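Undergrad: Pasting protein-v5.txt here (compact mmCIF, C-alpha atoms):
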# COMPACT_ATOMS: atom_id res chain seq x y z
CA MET A 1 -20.82 7.49 -5.10
CA ILE A 2 -18.45 5.05 -3.41
CA ARG A 3 -17.19 1.85 -5.05
CA ARG A 4 -15.44 -0.55 -2.71
CA VAL A 5 -13.02 -3.03 -4.26
CA THR A 6 -11.63 -6.31 -2.98
CA VAL A 7 -8.79 -7.41 -5.26
CA PRO A 8 -9.26 -11.06 -6.30
CA THR A 9 -5.50 -11.63 -6.77
CA LEU A 10 -4.74 -10.63 -3.15
CA PHE A 11 -5.47 -12.38 0.15
CA PRO A 12 -9.05 -11.45 1.16
CA PRO A 13 -9.06 -8.91 3.99
CA PRO A 14 -11.05 -9.90 7.09
CA ALA A 15 -13.46 -6.97 7.37
CA TYR A 16 -12.57 -4.24 4.88
CA SER A 17 -11.93 -3.58 1.19
CA HIS A 18 -8.54 -3.22 -0.46
CA ALA A 19 -9.69 0.12 -1.90
CA SER A 20 -12.58 2.57 -2.05
CA VAL A 21 -13.12 4.83 -5.06
CA VAL A 22 -15.08 8.07 -4.49
CA GLU A 23 -16.37 10.17 -7.36
CA ALA A 24 -16.21 13.85 -6.49
CA GLY A 25 -15.12 15.66 -9.65
CA THR A 26 -11.86 13.72 -9.59
CA ARG A 27 -12.10 10.07 -8.71
CA LEU A 28 -10.06 9.12 -5.67
CA ALA A 29 -9.23 5.68 -4.34
CA PHE A 30 -8.71 5.21 -0.60
CA LEU A 31 -6.75 2.01 -0.16
CA ALA A 32 -6.70 -0.20 2.90
CA GLY A 33 -3.31 -0.98 4.32
CA SER A 34 -1.23 -3.05 1.93
CA VAL A 35 0.39 -5.90 3.87
CA PRO A 36 3.20 -8.41 3.16
CA LEU A 37 0.94 -11.42 2.56
CA ASP A 38 0.79 -13.49 -0.60
CA ALA A 39 -2.52 -14.48 -2.22
CA ALA A 40 -2.74 -17.54 0.05
CA GLY A 41 -2.36 -15.39 3.17
CA ASP A 42 1.21 -16.43 3.93
CA LEU A 43 3.64 -13.85 5.28
CA VAL A 44 6.39 -12.89 2.81
CA GLY A 45 9.83 -11.94 4.15
CA GLU A 46 9.56 -13.07 7.76
CA GLY A 47 11.97 -11.01 9.87
CA ASP A 48 13.08 -8.92 6.86
CA PRO A 49 11.52 -5.43 6.72
CA VAL A 50 13.04 -4.65 3.30
CA ARG A 51 11.62 -7.81 1.71
CA GLN A 52 8.28 -7.14 3.38
CA ALA A 53 8.31 -3.56 2.04
CA GLN A 54 8.93 -4.89 -1.47
CA ARG A 55 5.93 -7.23 -1.16
CA VAL A 56 3.80 -4.45 0.30
CA ILE A 57 4.61 -2.23 -2.71
CA ALA A 58 3.79 -5.10 -5.11
CA ASN A 59 0.47 -5.66 -3.34
CA LEU A 60 -0.21 -1.93 -3.38
CA GLU A 61 0.31 -1.97 -7.15
CA GLU A 62 -2.28 -4.77 -7.42
CA GLN A 63 -4.76 -2.74 -5.38
CA LEU A 64 -4.18 0.30 -7.58
CA HIS A 65 -4.50 -1.61 -10.85
CA ALA A 66 -7.77 -3.14 -9.64
CA VAL A 67 -9.28 0.35 -9.38
CA GLY A 68 -7.74 1.73 -12.59
CA SER A 69 -4.81 3.60 -11.08
CA ASP A 70 -1.08 3.11 -10.52
CA LEU A 71 1.82 4.15 -8.28
CA ALA A 72 2.35 7.39 -10.23
CA HIS A 73 -1.17 8.55 -9.26
CA VAL A 74 -0.75 8.03 -5.51
CA VAL A 75 -1.12 11.34 -3.72
CA THR A 76 -0.49 10.27 -0.13
CA THR A 77 0.73 7.31 1.89
CA ASP A 78 1.29 6.33 5.49
CA VAL A 79 4.18 3.87 5.87
CA TYR A 80 4.13 1.87 9.11
CA VAL A 81 7.23 -0.02 10.24
CA VAL A 82 7.56 -2.14 13.38
CA SER A 83 10.76 -0.61 14.72
CA SER A 84 12.09 2.21 16.84
CA GLU A 85 15.41 2.17 14.93
CA PRO A 86 15.86 4.99 12.39
CA ALA A 87 18.08 2.73 10.25
CA VAL A 88 15.25 0.20 9.84
CA LEU A 89 12.76 2.94 8.97
CA SER A 90 15.27 4.37 6.47
CA ALA A 91 15.79 0.96 4.83
CA VAL A 92 12.03 0.60 4.31
CA TRP A 93 11.84 4.19 3.05
CA GLU A 94 14.48 3.37 0.42
CA VAL A 95 12.14 0.70 -0.97
CA VAL A 96 9.32 3.26 -1.11
CA ARG A 97 11.61 5.87 -2.69
CA ALA A 98 12.83 3.42 -5.34
CA SER A 99 9.28 2.46 -6.33
CA GLY A 100 7.01 4.40 -8.68
CA LEU A 101 5.64 6.16 -5.59
CA SER A 102 8.48 8.67 -5.91
CA THR A 103 6.87 9.99 -9.12
CA GLY A 104 5.17 13.22 -8.24
CA PRO A 105 6.43 13.08 -5.47
CA HIS A 106 3.58 11.94 -3.29
CA SER A 107 2.98 13.07 0.29
CA SER A 108 3.93 10.51 2.90
CA THR A 109 4.36 9.85 6.59
CA LEU A 110 6.87 7.26 7.85
CA ILE A 111 5.83 5.90 11.24
CA GLY A 112 7.61 3.54 13.64
CA VAL A 113 5.07 1.42 15.53
CA ALA A 114 5.10 -1.32 18.18
CA CYS A 115 2.90 -3.85 16.38
CA LEU A 116 0.87 -4.46 13.21
CA GLY A 117 -2.11 -6.72 12.56
CA TYR A 118 -0.59 -10.00 11.36
CA THR A 119 1.88 -12.16 13.29
CA GLY A 120 5.38 -11.33 12.04
CA GLN A 121 4.23 -8.33 10.02
CA LEU A 122 6.80 -5.52 9.99
CA VAL A 123 5.50 -3.17 7.25
CA GLU A 124 2.17 -1.77 6.07
CA ILE A 125 1.33 1.08 3.71
CA THR A 126 -1.99 2.89 3.31
CA ALA A 127 -2.54 5.10 0.26
CA THR A 128 -4.88 7.53 -1.46
CA ALA A 129 -4.67 7.80 -5.24
CA VAL A 130 -6.29 9.60 -8.13
CA VAL A 131 -8.08 7.26 -10.53
CA PRO A 132 -7.50 8.86 -13.94
CA GLU A 133 -10.08 8.87 -16.68
CA ALA A 134 -9.23 6.62 -19.61
CA GLY A 135 -6.56 8.34 -21.69
CA ASP A 136 -5.45 10.70 -18.88
CA SER A 137 -2.00 10.33 -17.40
Represent the structure of the file as structure tokens.

TA:
Amino acid sequence: MIRRVTVPTLFPPPAYSHASVVEAGTRLAFLAGSVPLDAAGDLVGEGDPVRQAQRVIANLEEQLHAVGSDLAHVVTTDVYVVSSEPAVLSAVWEVVRASGLSTGPHSSTLIGVACLGYTGQLVEITATAVVPEAGDS
């Protein structure tokens, strides 16, 4: 069974869900890329990859909470950064490392890319998380 979730407190995605939860013994949530947009669809942190990464993590937390999970239950992420400079990628990674995503630790890939989907967007994170049963941690 698949349950697809669009988070009402986030900007509505154009043609996908914020998360998909699959029941297969353990419930997993496959989250769409978290982006640095506020609930009105405005870009947060224009030109600032660290600020955008902070917003992306906050939005990722919203996605996770909407499906009954949290940063500590993320098992894998892909972190996309518009840059070919290792220092910029490292600065974004520090935001990821400082978040609750470092609990575990989770598996991750940090990727420098040429472009992302929204004008001015510099950071995006996709994630897969376990959705614990009530009372599990």

Undergrad: Distance CA of Val74 in chain A-CA of Glu23 in chain A, one decimal place?

TA: 15.9 Å

Undergrad: Give me the residues near Asp70 in chain A as a list in words, where near means some atom within 8 Å (using only C-alpha atoms) and where sequence neighbours in that chain fewer than 5 positions away do not count.

TA: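 Near neighbours after the sequence-gap exclusion: Glu61, Leu64, His65 and Ala129 of chain A.
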
Undergrad: Show me, as a ChimeraX atom specification, the residues that have an atom within 12 Å of Tyr118 in chain A when counting only C-alpha atoms, minus same-chain residues fewer than 5 positions from it.

TA: /A:13-14,33-37,41-44,46,82,123-124

Undergrad: Given the choices A:Val50, A:Val75, A:Val113, A:Leu60, which gets closest to Val131 in chain A if the distance is worked out from all atoms listed in the file?

TA: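 Ranking A:Val50, A:Val75, A:Val113, A:Leu60 by distance to Val131 in chain A, first place goes to A:Val75.
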
Undergrad: Mind pulling up the distance from CA of Val22 in chain A to CA of Arg4 in chain A?

TA: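 Separation of CA of Arg4 in chain A and CA of Val22 in chain A: 8.8 Å.
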
Undergrad: Do you have the CA of Thr109 in chain A-CA of Ser17 in chain A distance handy?

TA: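 Between these atoms lies a distance of 21.8 Å.
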
Undergrad: Which residues come within 10 Å of Pro12 in chain A, counting all atoms listed in the file, excluding same-chain residues fewer than 4 positions away, as a VMD selection string?

TA: chain A and resid 6 to 8 16 to 18 39 to 41

Undergrad: Can you tell me, as a count of residues only, what residues are no more than 6 Å from Ser20 in chain A when counting all atoms listed in the file, ignoring any on the same chain fewer than 2 positions away?

TA: 4

Undergrad: Using only C-alpha atoms, determine which residues lie at most 7 Å from Thr126 in chain A, disregarding the query and same-chain residues fewer than 4 positions distant; provide the list as a list in words.

TA: Leu31, Ala32, Gly33, Ser34, Thr77, Asp78 and Val79 of chain A

Undergrad: Which residues of range 96-127 of chain A sit at most 10 Å from range 83-89 of chain A, using only C-alpha atoms? Give each one's shortest atom pair and distance in Å (one decimal place), in chain and ascending residue order, as CSV.

TA:
residue,atom,partner,partner_atom,distance
A:Leu110,CA,A:Leu89,CA,7.4
A:Ile111,CA,A:Leu89,CA,7.9
A:Gly112,CA,A:Ser83,CA,5.3
A:Val113,CA,A:Ser83,CA,6.1
A:Ala114,CA,A:Ser83,CA,6.7
A:Cys115,CA,A:Ser83,CA,8.7
A:Leu122,CA,A:Ser83,CA,7.9
A:Val123,CA,A:Ser83,CA,9.5

Undergrad: Could those residues be written to a file, using C-alpha atoms, as a JSON list (two decimals), in the coordinates of the input?

TA:
[["chain", "number", "residue", "atom", "x", "y", "z"],
["A", 110, "LEU", "CA", 6.87, 7.26, 7.85],
["A", 111, "ILE", "CA", 5.83, 5.90, 11.24],
["A", 112, "GLY", "CA", 7.61, 3.54, 13.64],
["A", 113, "VAL", "CA", 5.07, 1.42, 15.53],
["A", 114, "ALA", "CA", 5.10, -1.32, 18.18],
["A", 115, "CYS", "CA", 2.90, -3.85, 16.38],
["A", 122, "LEU", "CA", 6.80, -5.52, 9.99],
["A", 123, "VAL", "CA", 5.50, -3.17, 7.25]]

Undergrad: Assuming 6 Å of padding per side, give the centre and edge lengths of the axis-aligned box around every listed atom of range 51-58 of chain A, in Å to one decimal and as JSON.

TA:
{"center_x": 7.7, "center_y": -5.0, "center_z": -0.9, "size_x": 19.8, "size_y": 17.6, "size_z": 20.5}

Undergrad: Could you tell me which of A:Gly25, A:Gly120, A:Pro132, A:Gly68 comes closest to Gly47 in chain A if we count all atoms listed in the file?

TA: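 Among the listed residues, A:Gly120 lies closest to Gly47 in chain A.
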
Undergrad: Which is closer to Ala127 in chain A than all the others in A:Val81, A:Arg97, A:Leu28, A:Gly45, using all atoms listed in the file?

TA: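 Closest residue, counting all atoms listed in the file: A:Leu28.
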